[in-house]
file run-v7.cif (mmCIF, C-alpha atoms and all ligand atoms)
data_run
loop_
_atom_site.label_atom_id
_atom_site.label_comp_id
_atom_site.auth_asym_id
_atom_site.auth_seq_id
_atom_site.Cartn_x
_atom_site.Cartn_y
_atom_site.Cartn_z
CA MET A 741 24.87 -39.95 -5.16
CA ARG A 742 23.51 -38.05 -2.17
CA LYS A 743 20.10 -36.42 -2.66
CA GLN A 744 20.45 -32.99 -4.28
CA ILE A 745 17.69 -30.73 -3.02
CA ALA A 746 16.26 -27.32 -3.91
CA ALA A 747 14.14 -26.36 -0.90
CA ALA A 748 12.04 -23.20 -1.00
CA ASN A 749 11.39 -21.44 2.31
CA TRP A 750 8.55 -19.03 1.73
CA LYS A 751 8.68 -17.81 5.36
CA MET A 752 5.66 -15.62 6.30
CA ASN A 753 4.91 -14.25 2.83
CA GLY A 754 1.91 -14.11 0.55
CA ASN A 755 -1.72 -15.10 0.82
CA TYR A 756 -3.53 -18.27 -0.22
CA GLN A 757 -4.26 -17.15 -3.77
CA GLN A 758 -0.69 -16.01 -4.35
CA ALA A 759 0.65 -19.26 -2.91
CA GLU A 760 -1.55 -21.33 -5.19
CA LYS A 761 -0.48 -19.32 -8.26
CA LEU A 762 3.21 -19.51 -7.39
CA LEU A 763 3.05 -23.27 -6.97
CA ASN A 764 1.09 -23.66 -10.20
CA ASP A 765 3.54 -21.50 -12.11
CA ILE A 766 6.45 -23.62 -10.89
CA LEU A 767 4.81 -27.04 -11.28
CA SER A 768 3.35 -26.29 -14.71
CA ALA A 769 6.90 -25.85 -16.07
CA ASN A 770 7.13 -29.64 -15.65
CA VAL A 771 10.80 -29.73 -14.82
CA ILE A 772 11.60 -33.44 -14.70
CA LEU A 773 13.82 -34.28 -11.77
CA GLN A 774 16.20 -37.23 -11.73
CA ASP A 775 15.94 -39.85 -8.97
CA HIS A 776 18.66 -38.17 -6.89
CA GLN A 777 17.07 -34.69 -7.21
CA GLN A 778 14.23 -33.17 -5.23
CA ALA A 779 12.33 -29.89 -4.92
CA ILE A 780 10.61 -29.10 -1.62
CA PHE A 781 8.26 -26.21 -0.86
CA SER A 782 8.27 -25.06 2.78
CA VAL A 783 5.00 -23.18 2.93
CA PRO A 784 3.11 -21.43 5.76
CA SER A 785 0.90 -23.80 7.80
CA PRO A 786 -2.47 -22.67 6.36
CA PHE A 787 -1.27 -23.61 2.86
CA LEU A 788 0.15 -27.08 3.64
CA ILE A 789 -2.87 -29.12 2.54
CA MET A 790 -3.33 -27.07 -0.64
CA ALA A 791 0.38 -27.40 -1.46
CA LYS A 792 0.33 -31.14 -0.82
CA THR A 793 -2.65 -31.46 -3.18
CA GLU A 794 -0.95 -29.34 -5.85
CA VAL A 795 2.31 -31.32 -5.87
CA GLY A 796 0.30 -34.56 -5.89
CA GLU A 797 2.35 -37.59 -6.82
CA GLU A 798 4.70 -35.59 -9.08
CA GLY A 799 8.01 -37.41 -8.80
CA GLY A 800 10.58 -35.45 -6.89
CA TYR A 801 8.31 -32.66 -5.61
CA ASP A 802 7.16 -32.43 -2.01
CA VAL A 803 6.09 -30.05 0.74
CA ALA A 804 7.61 -29.12 4.12
CA ALA A 805 6.31 -27.38 7.21
CA GLN A 806 8.41 -24.45 8.39
CA ASN A 807 8.23 -25.40 12.06
CA CYS A 808 6.67 -27.75 14.59
CA PHE A 809 6.34 -27.70 18.38
CA ASN A 810 8.70 -29.55 20.71
CA LYS A 811 5.93 -31.32 22.65
CA ALA A 812 3.75 -34.11 21.28
CA SER A 813 0.34 -32.56 22.12
CA GLY A 814 -1.54 -30.65 24.79
CA ALA A 815 -2.41 -27.17 26.00
CA PHE A 816 -0.10 -25.16 23.72
CA THR A 817 -2.42 -22.69 22.04
CA GLY A 818 -1.43 -21.78 18.52
CA GLU A 819 1.24 -24.45 18.09
CA VAL A 820 1.38 -27.21 15.47
CA SER A 821 2.38 -30.76 16.41
CA VAL A 822 4.29 -33.26 14.29
CA GLU A 823 1.33 -35.62 14.60
CA MET A 824 -0.86 -32.98 12.92
CA LEU A 825 1.68 -32.62 10.12
CA HIS A 826 2.01 -36.37 9.70
CA SER A 827 -1.77 -36.79 9.55
CA ILE A 828 -1.98 -34.52 6.47
CA GLY A 829 0.83 -36.35 4.70
CA ILE A 830 3.72 -33.96 5.40
CA ASN A 831 7.12 -35.65 5.03
CA TYR A 832 9.49 -32.75 5.84
CA CYS A 833 9.78 -30.02 8.47
CA ILE A 834 12.34 -27.24 8.88
CA VAL A 835 13.77 -27.36 12.41
CA GLY A 836 15.84 -24.61 14.00
CA HIS A 837 15.81 -21.93 11.34
CA SER A 838 17.91 -19.00 12.58
CA GLU A 839 14.79 -16.80 12.64
CA ARG A 840 13.16 -19.28 15.07
CA ARG A 841 16.34 -19.42 17.13
CA GLU A 842 16.57 -15.62 17.28
CA TYR A 843 12.95 -14.42 17.57
CA PHE A 844 11.49 -17.39 19.47
CA ALA A 845 14.50 -18.29 21.62
CA GLU A 846 14.76 -21.85 20.34
CA SER A 847 17.67 -23.59 22.05
CA ASN A 848 19.76 -26.49 20.82
CA ALA A 849 18.12 -28.71 23.48
CA MET A 850 14.61 -27.75 22.33
CA LEU A 851 15.60 -28.48 18.74
CA ALA A 852 16.82 -31.94 19.77
CA GLU A 853 13.26 -32.61 21.04
CA LYS A 854 11.77 -31.40 17.74
CA VAL A 855 14.15 -33.62 15.77
CA ASN A 856 13.13 -36.64 17.88
CA LEU A 857 9.41 -35.98 17.45
CA CYS A 858 9.80 -35.56 13.68
CA LEU A 859 11.71 -38.80 13.32
CA GLN A 860 9.17 -40.67 15.45
CA SER A 861 6.47 -39.53 13.00
CA SER A 862 8.56 -40.35 9.90
CA ILE A 863 9.01 -36.67 9.12
CA THR A 864 12.45 -35.69 7.81
CA PRO A 865 13.83 -32.69 9.72
CA ILE A 866 15.60 -30.07 7.63
CA PHE A 867 17.91 -29.06 10.46
CA CYS A 868 19.36 -25.55 10.18
CA CYS A 869 22.63 -24.37 11.63
CA GLY A 870 24.83 -21.33 10.98
CA GLU A 871 26.73 -18.56 12.68
CA PRO A 872 26.01 -14.84 13.16
CA LEU A 873 28.33 -12.16 11.77
CA ASN A 874 30.32 -11.54 14.97
CA ILE A 875 31.23 -15.23 15.18
CA ARG A 876 32.37 -15.23 11.53
CA GLU A 877 34.40 -12.06 12.17
CA ALA A 878 36.07 -13.72 15.17
CA ASN A 879 36.78 -16.76 12.94
CA THR A 880 35.15 -19.13 15.45
CA GLN A 881 32.36 -20.33 13.13
CA ASN A 882 33.62 -23.91 12.96
CA ASP A 883 33.29 -24.49 16.70
CA TYR A 884 29.98 -22.61 16.78
CA VAL A 885 28.25 -24.83 14.22
CA ALA A 886 29.87 -28.01 15.59
CA LYS A 887 28.23 -27.21 18.95
CA GLN A 888 24.86 -26.74 17.24
CA LEU A 889 25.15 -30.20 15.68
CA ALA A 890 26.49 -31.82 18.85
CA GLU A 891 23.73 -30.49 21.10
CA SER A 892 20.83 -31.21 18.74
CA LEU A 893 21.89 -34.30 16.76
CA PHE A 894 24.63 -36.28 18.51
CA HIS A 895 22.16 -38.27 20.63
CA LEU A 896 20.81 -39.91 17.44
CA SER A 897 21.68 -43.40 16.23
CA ASP A 898 23.75 -43.88 13.07
CA ARG A 899 20.55 -44.94 11.34
CA ASP A 900 18.47 -41.94 12.44
CA VAL A 901 21.03 -39.26 11.70
CA GLN A 902 20.97 -40.37 8.05
CA ARG A 903 17.26 -39.49 7.99
CA ILE A 904 18.12 -35.81 8.50
CA ILE A 905 18.82 -33.07 5.98
CA ILE A 906 21.17 -30.35 7.20
CA ALA A 907 20.99 -26.75 6.00
CA TYR A 908 23.96 -24.48 6.65
CA GLU A 909 22.72 -20.90 6.70
CA PRO A 910 25.22 -18.25 7.76
CA ILE A 911 23.00 -15.63 9.38
CA TRP A 912 24.97 -12.77 7.84
CA ALA A 913 23.99 -14.05 4.38
CA ILE A 914 20.24 -14.44 4.98
CA GLY A 915 18.13 -11.87 3.18
CA THR A 916 21.13 -9.57 2.86
CA GLY A 917 22.03 -10.26 -0.75
CA LYS A 918 25.46 -11.14 0.61
CA THR A 919 26.16 -14.80 -0.17
CA ALA A 920 28.98 -16.80 1.24
CA THR A 921 31.45 -17.37 -1.56
CA SER A 922 31.30 -20.86 -3.01
CA LEU A 923 34.66 -21.47 -1.33
CA GLN A 924 33.33 -20.37 2.10
CA ALA A 925 30.30 -22.62 1.60
CA GLN A 926 32.44 -25.59 0.57
CA GLU A 927 34.84 -25.10 3.52
CA MET A 928 31.99 -25.04 6.01
CA HIS A 929 30.13 -27.96 4.42
CA ALA A 930 33.33 -30.05 4.47
CA HIS A 931 33.77 -29.08 8.12
CA LEU A 932 30.18 -30.08 8.96
CA ARG A 933 30.69 -33.40 7.20
CA SER A 934 33.91 -34.01 9.13
CA VAL A 935 32.14 -33.21 12.42
CA LEU A 936 29.44 -35.75 11.49
CA ALA A 937 32.12 -38.25 10.42
CA GLY A 938 33.93 -37.82 13.74
CA LYS A 939 30.79 -38.84 15.59
CA PHE A 940 29.02 -41.25 13.22
CA GLY A 941 31.75 -42.41 10.83
CA ALA A 942 32.62 -41.31 7.30
CA GLU A 943 30.15 -43.61 5.57
CA VAL A 944 27.21 -42.19 7.51
CA ALA A 945 28.43 -38.61 7.02
CA ASN A 946 28.72 -39.15 3.29
CA ASN A 947 25.06 -40.08 3.06
CA ILE A 948 23.76 -36.85 4.64
CA SER A 949 22.66 -34.05 2.31
CA ILE A 950 23.94 -30.63 3.40
CA LEU A 951 22.16 -27.67 1.79
CA TYR A 952 23.47 -24.12 1.65
CA GLY A 953 21.13 -21.22 2.49
CA GLY A 954 21.69 -17.46 2.37
CA SER A 955 20.94 -15.32 -0.68
CA VAL A 956 20.89 -18.21 -3.16
CA LYS A 957 19.63 -16.74 -6.45
CA ALA A 958 19.17 -17.89 -10.03
CA ASN A 959 22.49 -16.30 -10.95
CA ASN A 960 24.67 -17.93 -8.27
CA ALA A 961 23.02 -21.36 -7.75
CA VAL A 962 25.12 -23.30 -10.29
CA GLU A 963 28.36 -21.98 -8.82
CA ILE A 964 27.37 -22.76 -5.21
CA PHE A 965 25.74 -26.14 -5.95
CA SER A 966 28.76 -27.27 -7.98
CA GLN A 967 30.88 -27.49 -4.81
CA PRO A 968 31.47 -31.14 -3.85
CA ASP A 969 29.98 -30.94 -0.33
CA VAL A 970 27.05 -28.67 -1.24
CA ASP A 971 23.97 -30.75 -2.00
CA GLY A 972 21.58 -27.98 -3.05
CA GLY A 973 20.05 -25.02 -1.27
CA LEU A 974 17.45 -23.72 1.16
CA VAL A 975 16.15 -20.63 -0.59
CA GLY A 976 14.21 -17.71 0.88
CA GLY A 977 13.57 -14.59 -1.20
CA ALA A 978 14.34 -16.09 -4.61
CA SER A 979 11.88 -18.94 -4.01
CA LEU A 980 8.99 -16.45 -4.15
CA ASN A 981 9.58 -15.88 -7.85
CA ALA A 982 8.64 -18.77 -10.14
CA GLU A 983 11.28 -18.14 -12.81
CA GLU A 984 14.04 -17.64 -10.22
CA PHE A 985 13.16 -20.81 -8.36
CA LEU A 986 12.81 -22.83 -11.56
CA THR A 987 16.34 -21.81 -12.53
CA ILE A 988 17.53 -22.82 -9.07
CA ILE A 989 15.86 -26.26 -9.42
CA ARG A 990 17.53 -26.67 -12.81
CA SER A 991 20.89 -25.81 -11.21
CA LEU A 992 20.95 -28.95 -9.05
CA LYS A 993 23.80 -31.37 -9.69
P1 LIG A 1001 17.33 -15.76 1.61
O1 LIG A 1001 17.48 -16.74 0.46
O2 LIG A 1001 16.22 -14.79 1.42
O3 LIG A 1001 18.64 -15.15 1.97
O4 LIG A 1001 16.89 -16.66 2.88
C1 LIG A 1001 17.62 -17.76 3.20
C2 LIG A 1001 16.86 -18.54 4.23
O5 LIG A 1001 16.74 -18.12 5.36
C3 LIG A 1001 16.24 -19.79 3.80
O6 LIG A 1001 15.77 -20.51 4.90
#

call {"tool": "encode", "arguments": {"input": "run-v7.cif", "output": "structure tokens"}}
result
Amino acid sequence: MRKQIAAANWKMNGNYQQAEKLLNDILSANVILQDHQQAIFSVPSPFLIMAKTEVGEEGGYDVAAQNCFNKASGAFTGEVSVEMLHSIGINYCIVGHSERREYFAESNAMLAEKVNLCLQSSITPIFCCGEPLNIREANTQNDYVAKQLAESLFHLSDRDVQRIIIAYEPIWAIGTGKTATSLQAQEMHAHLRSVLAGKFGAEVANNISILYGGSVKANNAVEIFSQPDVDGGLVGGASLNAEEFLTIIRSLK
């Protein structure tokens, strides 16, 4: 079975003490994950080392960075390199979240560079794609997301593309309380998998976990995750509440 993943994206919320408490509250529930299940906490950079220490060697729990820079090192004040992340034991990094694309003008080409740097440092990119509302209203979302994958991932080898996690996050569903229906999520995930299969073959495409993101909550996670091509979720707001996120972890297939 493909990996089923509940990934929290805390975004720019909370302080150190609150982050430590939230992690403790979640980890102390001792939810035992099966081998094919995983929970990942994408925390702000200043909390990465603390979070890594808190999750320790707990099976199935790990930590992700929310971003990295698209150059290896140098005079880029304020940026964080993949080498820095790797050197503190980070195994995952979100790449191309729609908020980065929108507010920091991250292009598909720039994201291809980030993906390459992550893979070179054995960091698994959690690569985000997804369409804005006007594209959904024009019913051109399939071509829109296919282009995002093509321009950021199609240069990879069959082997490397299987080291990526994809997160489909329709922008109109992020933080709005408006989720895609489970049918809309399934249709898009099946489309993404067919785009990957067209380029890399069906066997490769079947090995890639595709997460859904956009107003996943405790009360809709089971329904969304039960879809055959949905392999878990990337969760914003609801991941800031221990009980909500625990329910979401328990909703994994
Ligand atoms: P919400 O779950 O708050 O809609 O955020 C989704 C998201 O952007 C996760 O990366």

call {"tool": "atom_distance", "arguments": {"input": "run-v7.cif", "atom1": "atom CA of A:Glu927", "atom2": "atom CA of A:Ile905"}}
result
18.1 Å

call {"tool": "residues_near_ligand", "arguments": {"input": "run-v7.cif", "ligand": "ligand LIG 1001 (chain A)", "cutoff": "9 Å", "atoms": "only C-alpha atoms and all ligand atoms", "output": "MDAnalysis selection string"}}
result
chainID A and resid 747:751 834 837:839 868 907 909:919 952:957 973:979

call {"tool": "atom_distance", "arguments": {"input": "run-v7.cif", "atom1": "atom CA of A:His931", "atom2": "atom CA of A:Ala746"}}
result
21.3 Å

call {"tool": "residues_around", "arguments": {"input": "run-v7.cif", "residues": "A:Leu896", "least_positions_apart": "6", "cutoff": "12 Å", "atoms": "only C-alpha atoms", "output": "list in words"}}
result
Ala852, Glu853, Val855, Asn856, Leu859, Gln860, Leu889, Ala890, Gln902, Arg903, Ile904, Leu936, Lys939 and Phe940 of chain A

call {"tool": "closest_residue", "arguments": {"input": "run-v7.cif", "among": "A:Ile772, A:Lys792, A:Arg899, A:Asn947", "to": "A:Ser827", "atoms": "only C-alpha atoms"}}
result
A:Lys792

call {"tool": "closest_residue", "arguments": {"input": "run-v7.cif", "among": "A:Ser949, A:Ser813, A:Gln967, A:Asn882", "to": "A:Ser922", "atoms": "all atoms listed in the file"}}
result
A:Gln967

call {"tool": "atom_distance", "arguments": {"input": "run-v7.cif", "atom1": "atom CA of A:Asn959", "atom2": "atom CA of A:Ser991"}}
result
9.6 Å
